[in-house]
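Everything on this sheet refers to the single structure shown next.
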There are 2 protein chains.
Amino acid sequence: MATEVTPKVALAGFRRILGADAVLTDRDAIAPCLTDHRKLYEGTALAVLRPGSVDEVSQLLAFCNGTRIGVVPQGGNTGYCGGATPDGSGRQVVLSLARLARLRSIDATNHSMIAEAGCILANLQREAEAVDRYFPLSLGSEGSCQVGGNLSTNAGGLNVLRYGMARDLALGLEVVLADGRVLSSLGGLRKDNTGYDLKSLFIGAEGTLGVITAACLKLFPRPRAVATAFVAVRSVAAAVDLLNLLREASGDRLSSFELIPHVAIELTTRHIPGVAQPLAGEYPWCVLCELGSARAADPLDSMLENALRDAMDGGLLDDAALAQNERQRAAFWRLRESIPEAQRHEGASLKHDIALPIASLARFVDEASAWIASNLPEAMLVAYGHVGDGNLHFNVNARAGTDPLRLVARADEVQRVVHDLVASLGGSISAEHGIGRLKVPELERYAPPAKLDLMRAIKHALDPNGIMNPGKVLRSA
Amino acid sequence: MATEVTPKVALAGFRRILGADAVLTDRDAIAPCLTDHRKLYEGTALAVLRPGSVDEVSQLLAFCNGTRIGVVPQGGNTGYCGGATPDGSGRQVVLSLARLARLRSIDATNHSMIAEAGCILANLQREAEAVDRYFPLSLGSEGSCQVGGNLSTNAGGLNVLRYGMARDLALGLEVVLADGRVLSSLGGLRKDNTGYDLKSLFIGAEGTLGVITAACLKLFPRPRAVATAFVAVRSVAAAVDLLNLLREASGDRLSSFELIPHVAIELTTRHIPGVAQPLAGEYPWCVLCELGSARAADPLDSMLENALRDAMDGGLLDDAALAQNERQRAAFWRLRESIPEAQRHEGASLKHDIALPIASLARFVDEASAWIASNLPEAMLVAYGHVGDGNLHFNVNARAGTDPLRLVARADEVQRVVHDLVASLGGSISAEHGIGRLKVPELERYAPPAKLDLMRAIKHALDPNGIMNPGKVLRSA
């Protein structure tokens with residue numbers, strides 16, 4: 001039975017569990033935790049809590065469950081959908097996982113490591129490399145995002161084509177449930193058919209079903225050979241054909257395949273120091289593609305060169321530059337990775353993170369571009385991204401010199417058109433970024449009613465008092 | 001509100017939905033559906049129902065949900081845990097998916113195909129090959145098992161090391177829920193973060209949460225190069241070291257790694273026509289290993305030969321035979337695949353399907369073997385299997401000339417020792433075969449209480465009337 005308590009009693013309870021130093025209430029100290037990365041939301045919180053152990057997380061949840069205090073788990077606070085930001089009710093706490101940042105163990109033989117939720121992603125990549133292994137999860141925010149957040153949002157990133165999403169990289173989890181009980185499965189087993197796949201349920205649940213406190217993560221042999229090219233393709237359809245050609249020709253060794261429109265090259269070369277045009281000419285669409293292998297002797301450069309030559313003969317591409325050394329490779333990747341930053345320099349940007357069946361990508365780009373050209377002459381389309389997975393970051397930006405507020409005022413209209421088109425082509429309105437708070441109405445609009453019913457039933461079964469990240473993914477009951 | 005009805009009324013309801021021809025009640029016709037593959041169980045059923053469409057499945061479930069008739073989904077009836085066999089209550093029906101056997105579509109560009117649940121696995125493999133693609137799910141029963149059953153049990157098989165389990169091969173499902181509603185997500189998307197991962201919940205749920213009627217399955221480039229070897233290793237520990245050496249040396253192109261004890265070679269060469277010893281000498285442990293690549297020009301044979309030479313220099317193995325042609329390769333695989341059959345010739349066999357962290361395999365084999373040698377002199381151990389995944393089929397067989405019933409009488413004792421040892425080493429008591437009815441008590445014994453509570457809560461949320469395969473995975477409420 002849950003009994004509401006006053007803020008004063010709540011804070012006393014938190015201090016009793018964590019010690020006063022780990023219960024932050026000072027306005028300036030907690031301010032960064034009360035807004036999201038994109039500055040879409042600003043909330044309030046009874047406190048920001050910083051537990052230092054799984055047992056403390058367990059006690060905190062049991063306490064909040066008994067007092068109906070909402071718990072908002074927060075990692076690096078780098079998400080795009082406001083999923084880690086408290087609301088304005090004043091009856092929520094931010095639960096920071098930052099202090100649970102220990103790499104508990106790493107086992108090169110078993111190709112696995114056990115990391116606590118607060119571990120920063122880039123650090124985990126380095127730890128794997130130190131034992132001659134590879135942890136392939138890689139995103140723009142890896143210098144500050146935490147693996148608990150990556151798992152909670154089922155992060156994607158640059159290596160999904162070859163290695164899968166965060167869910168595919170977790171062998172097991174340690175989760176604290178809403179009532180404080182700890183469910184732990186960190187054994188690193190590759191095969192385990194003993195009951196329902198609860199692991200996959202918590203991953204991607206964005207903190208609404210329980211708090212991930214640690215995970216057993218999958219490691220791979222280290223890539224020892226790489227070949228990278230920047231390629232000018234004839235069209236989005238040609239890019240898809242090139243994708244499949246490269247998969248076949250390389251023995252499925254394609255590890256990245258990123259679509260880059262001309263406007264993105266223009267923006268990055270203009271705004272980001274050190275970024276230069278990779279090709280002599282200017283082309284409407286380019287692709288950054290990379291082969292990787294754990295075997296140093298694999299002739300990836302010649303494989304890539306031969307495949308691209310075949311592709312050129314086949315009319316798929318007009319020009320290609322192969323990276324001759326690591327410096328050139330890094331330059332190609334810098335261009336790609338700086339596209340988000342370059343857009344920020346230009347001003348307002350209406351963002352969409354969509355996925356489509358790969359065969360429908362070209363049609364989507366054509367139809368959506370045509371609509372924007374006819375209806376939003378003051379805007380320009382910057383569509384780029386992980387085309388190998390059917391995922392496009394589909395951003396509509398205010399042209400320089402136009403009033404950004406005019407575009408922003410039409411955000412809902414644009415989103416409706418884009419999402420309706422995506423839905424009509426059987427795609428997803430959130431490929432990587434999740435639902436958070438931002439896309440709750442969109443999920444309600446596009447998800448089949450039966451799916452929402454099942455989700456609500458599961459949510460209610462696991463969190464009957466509705467304390468786990470209320471208002472995220474699903475509307476509060 | 002659910003109202004029980006008489007068998008007569010139930011049958012009339014089924015006939016109204018399916019037509020009389022698809023409602024089987026004749027004793028001889030339905031007998032094969034009332035027992036399991038291993039002849040552990042025999043049940044009764046109001047009827048065996050054979051729907052011909054998803055809509056008919058939907059109507060049937062709605063009817064059974066309203067009348068509290070238990071529904072036992074059945075595919076090829078090849079499972080090992082009695083999960084597709086009705087109980088003796090007479091208040092259940094067998095729901096055969098055999099007539100939903102259409103390959104709805106295959107998309108080589110998107111590397112996916114949409115198959116109905118009743119499609120036979122070997123047929124799907126052929127369909128993929130016909131469009132120059134590869135569907136890697138492969139098990140001994142593939143000539144008769146159906147993909148719906150494979151997904152319901154999250155089947156493993158011979159290619160898990162490289163391609164994952166059934167759950168990793170499904171991009172989306174079409175499922176009929178207990179109340180008859182249809183939840184469909186067959187778009188073939190690689191990325192979709194719109195809500196909870198319900199797909200992964202239904203896969204491996206063994207028909208207790210809903211009926212899988214179709215799936216969008218992942219295809220891969222076809223393997224065009226293969227290199228296979230039969231190797232004598234010094235010990236189980238040496239086998240694990242060889243596994244990692246081969247992963248690194250081949251650029252992670254190892255696709256199979258099967259442990260084969262001397263006794264298995266002895267049994268198969270004795271009982272199975274055409275199976276011969278692959279190596280000149282006799283060794284306690286052998287490994288059948290295979291490299292595969294989608295690139296024909298990859299020099300897998302020399303890669304494998306060099307790696308094995310290094311391994312021999314390093315003291316990991318004593319002898320190796322590389323398959324020089326497809327005939328030799330097929331002979332190696334025939335030996336491996338006939339191990340279950342060879343054991344049947346010998347008589348009683350106590351079977352265990354366990355998984356361990358790979359680094360603990362050697363220790364498990366040592367300790368379990370020692371216990372059997374001391375406590376069961378009339379038995380012999382036949383431990384073999386997918387060691388690359390940490391999965392051992394750990395079978396204790398009655399020696400020829402002993403009374404098999406004496407061994408069978410000690411089955412529970414042996415299982416207790418084996419499973420306690422597995423649990424103490426952080427392993428799984430069911431790596432591939434699932435829980436079904438057979439392992440319900442074992443799951444209750446070894447699963448953390450919080451896990452069982454969550455499973456029951458989810459089961460109750462999705463199937464409040466308890467009609468979905470009652471008594472399987474979880475005890476009936």
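Ligands are numbered from 1 in the order shown, chains are lettered A, B, ... in the order of the structure tokens, and residues start at 1 in each chain.
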
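Contact shell of region 143-150 of chain B at 7 Å (only C-alpha atoms; same-chain neighbours under 5 positions omitted): B:Gly75, B:Gly76, B:Thr78, B:Ala117, B:Gly118, B:Cys119, B:Ile120, B:Leu121, B:Ala122, B:Ala155, B:Ala166, B:Ile212, B:Thr213.
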
Next item on the list: Using only C-alpha atoms, find the residues of chain B whose closest atom to chain A is at most 6 Å away, then write them as an MDAnalysis selection string.
Entry: chainID B and resid 110 187 189:194 196:197 201 205 251 293:295 357:358 389 426 428 430:432 434 457 461

Check: Any idea what's packed within 6 Å of region 394-407 of chain A, counting only C-alpha atoms, ignoring anything in its chain fewer than 6 positions away? Could you give it as number ranges by chain?
Finding: A: 348-352, 378-383

Item checked: Residue among B:Glu341, B:Asp179, B:Glu174, B:Glu290 lying closest to Thr269 (chain B), counting only C-alpha atoms ->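 Using only C-alpha atoms, Thr269 (chain B) sits closest to B:Glu341.
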
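Going from CA of Leu61 (chain B) to CA of Val176 (chain B) covers 7.8 Å.
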
Next item on the list: For CA of Gln277 (chain B) and CA of Ala323 (chain B), quote the distance in Å rounded to one decimal.
Entry: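 Taking CA of Gln277 (chain B) and CA of Ala323 (chain B), their separation equals 13.3 Å.
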
Next item on the list: Fewer than 4 positions away in the same chain doesn't count, so skip those; otherwise give me all residues within 8 Å of Gly466 (chain A), counting only C-alpha atoms, as a PyMOL selection string.
Entry: chain A and resi 68+70+460+470+476-477

Next item on the list: Enumerate, as a list in words, the complete set of residues in region 129-220 of chain A that a backbone-based DSSP assignment places in strand (DSSP E or B).
Entry: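 Selecting the strand (DSSP E or B) positions of region 129-220 of chain A gives Arg133, Tyr134, Gln146, Ala170, Leu171, Gly172, Leu173, Glu174, Val175, Val176, Leu177, Val182, Leu183, Ser184, Gly210, Val211, Ile212, Thr213, Ala214, Ala215, Cys216, Leu217, Lys218 and Phe220 of chain A.
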
Check: How would you write, as a ChimeraX atom specification, the set of residues in region 133-228 of chain B that DSSP gives as alpha helix (DSSP H)?
Finding: /B:147-152,160-163,198-202

Mind dumping the selected residues with N, CA and C atoms as a PDB file, in the first residue's frame?
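Dumped to out.pdb:
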ATOM      1  N   VAL B 147       8.723 -23.444 -38.849  1.00  0.00           N
ATOM      2  CA  VAL B 147       9.406 -22.244 -38.357  1.00  0.00           C
ATOM      3  C   VAL B 147       8.650 -21.588 -37.186  1.00  0.00           C
ATOM      4  N   GLY B 148       7.322 -21.770 -37.143  1.00  0.00           N
ATOM      5  CA  GLY B 148       6.584 -21.229 -35.988  1.00  0.00           C
ATOM      6  C   GLY B 148       7.043 -21.862 -34.690  1.00  0.00           C
ATOM      7  N   GLY B 149       7.247 -23.165 -34.742  1.00  0.00           N
ATOM      8  CA  GLY B 149       7.760 -23.873 -33.573  1.00  0.00           C
ATOM      9  C   GLY B 149       9.195 -23.475 -33.268  1.00  0.00           C
ATOM     10  N   ASN B 150       9.987 -23.296 -34.295  1.00  0.00           N
ATOM     11  CA  ASN B 150      11.372 -22.849 -34.088  1.00  0.00           C
ATOM     12  C   ASN B 150      11.387 -21.511 -33.341  1.00  0.00           C
ATOM     13  N   LEU B 151      10.500 -20.606 -33.747  1.00  0.00           N
ATOM     14  CA  LEU B 151      10.465 -19.288 -33.103  1.00  0.00           C
ATOM     15  C   LEU B 151       9.895 -19.392 -31.696  1.00  0.00           C
ATOM     16  N   SER B 152       8.849 -20.181 -31.539  1.00  0.00           N
ATOM     17  CA  SER B 152       8.231 -20.330 -30.223  1.00  0.00           C
ATOM     18  C   SER B 152       9.189 -20.898 -29.192  1.00  0.00           C
ATOM     19  N   VAL B 160      24.568 -21.135 -34.518  1.00  0.00           N
ATOM     20  CA  VAL B 160      24.342 -20.050 -33.560  1.00  0.00           C
ATOM     21  C   VAL B 160      25.593 -19.193 -33.375  1.00  0.00           C
ATOM     22  N   LEU B 161      26.731 -19.841 -33.400  1.00  0.00           N
ATOM     23  CA  LEU B 161      27.994 -19.153 -33.167  1.00  0.00           C
ATOM     24  C   LEU B 161      28.129 -17.928 -34.052  1.00  0.00           C
ATOM     25  N   ARG B 162      27.742 -18.054 -35.284  1.00  0.00           N
ATOM     26  CA  ARG B 162      27.901 -16.989 -36.265  1.00  0.00           C
ATOM     27  C   ARG B 162      26.644 -16.163 -36.455  1.00  0.00           C
ATOM     28  N   TYR B 163      25.487 -16.817 -36.422  1.00  0.00           N
ATOM     29  CA  TYR B 163      24.261 -16.141 -36.831  1.00  0.00           C
ATOM     30  C   TYR B 163      23.239 -15.948 -35.711  1.00  0.00           C
ATOM     31  N   LEU B 198       8.096  -6.461 -27.841  1.00  0.00           N
ATOM     32  CA  LEU B 198       7.135  -7.547 -27.677  1.00  0.00           C
ATOM     33  C   LEU B 198       7.548  -8.761 -28.499  1.00  0.00           C
ATOM     34  N   LYS B 199       8.170  -8.506 -29.645  1.00  0.00           N
ATOM     35  CA  LYS B 199       8.613  -9.609 -30.507  1.00  0.00           C
ATOM     36  C   LYS B 199       9.465 -10.602 -29.711  1.00  0.00           C
ATOM     37  N   SER B 200      10.445 -10.086 -28.989  1.00  0.00           N
ATOM     38  CA  SER B 200      11.343 -10.964 -28.244  1.00  0.00           C
ATOM     39  C   SER B 200      10.641 -11.689 -27.103  1.00  0.00           C
ATOM     40  N   LEU B 201       9.523 -11.159 -26.653  1.00  0.00           N
ATOM     41  CA  LEU B 201       8.760 -11.801 -25.596  1.00  0.00           C
ATOM     42  C   LEU B 201       8.033 -13.037 -26.133  1.00  0.00           C
ATOM     43  N   PHE B 202       7.413 -12.875 -27.320  1.00  0.00           N
ATOM     44  CA  PHE B 202       6.681 -14.002 -27.885  1.00  0.00           C
ATOM     45  C   PHE B 202       7.630 -15.113 -28.343  1.00  0.00           C
TER      46      PHE B 202
END

Margin query: I want to know what sits within 10 Å of region 324-328 of chain A, based on only C-alpha atoms, with residues of the same chain fewer than 6 positions away left out; could you give that as a ChimeraX atom specification?
Written below: /A:226-229,278,301,334

Next item on the list: Would you work out the distance separating CA of Leu335 (chain A) from CA of Leu317 (chain A), expressed in Å to one decimal?
Entry: 19.8 Å

Checklist line | For His271 (chain A), the nearest of the candidates A:Ala342, A:Leu103, A:Leu322, A:Ala411, counting only C-alpha atoms | finding: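 That would be A:Ala342, the residue with the smallest distance to His271 (chain A).
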
Margin query: For a quick check of understanding, using only C-alpha atoms, which of B:Val275, B:Leu288, B:Leu246, B:Leu124 has the smallest distance to Cys216 (chain B)?
Written below: B:Leu124

Next item on the list: May I ask which of the residues B:Cys33, B:Val287, B:Leu11, B:Ala214 is the closest one to Arg91 (chain B), counting only C-alpha atoms?
Entry: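 Once distances to Arg91 (chain B) are computed over only C-alpha atoms, the minimum belongs to B:Leu11.
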
Notebook entry, point to check: Which polymer residues have any atom within 6 Å of an atom of Leu316 (chain A), counting only C-alpha atoms, with same-chain residues fewer than 3 positions away left out, as a list in words?
Noted result: Val233, Arg234, Ala238, Ala311 and Met312 of chain A
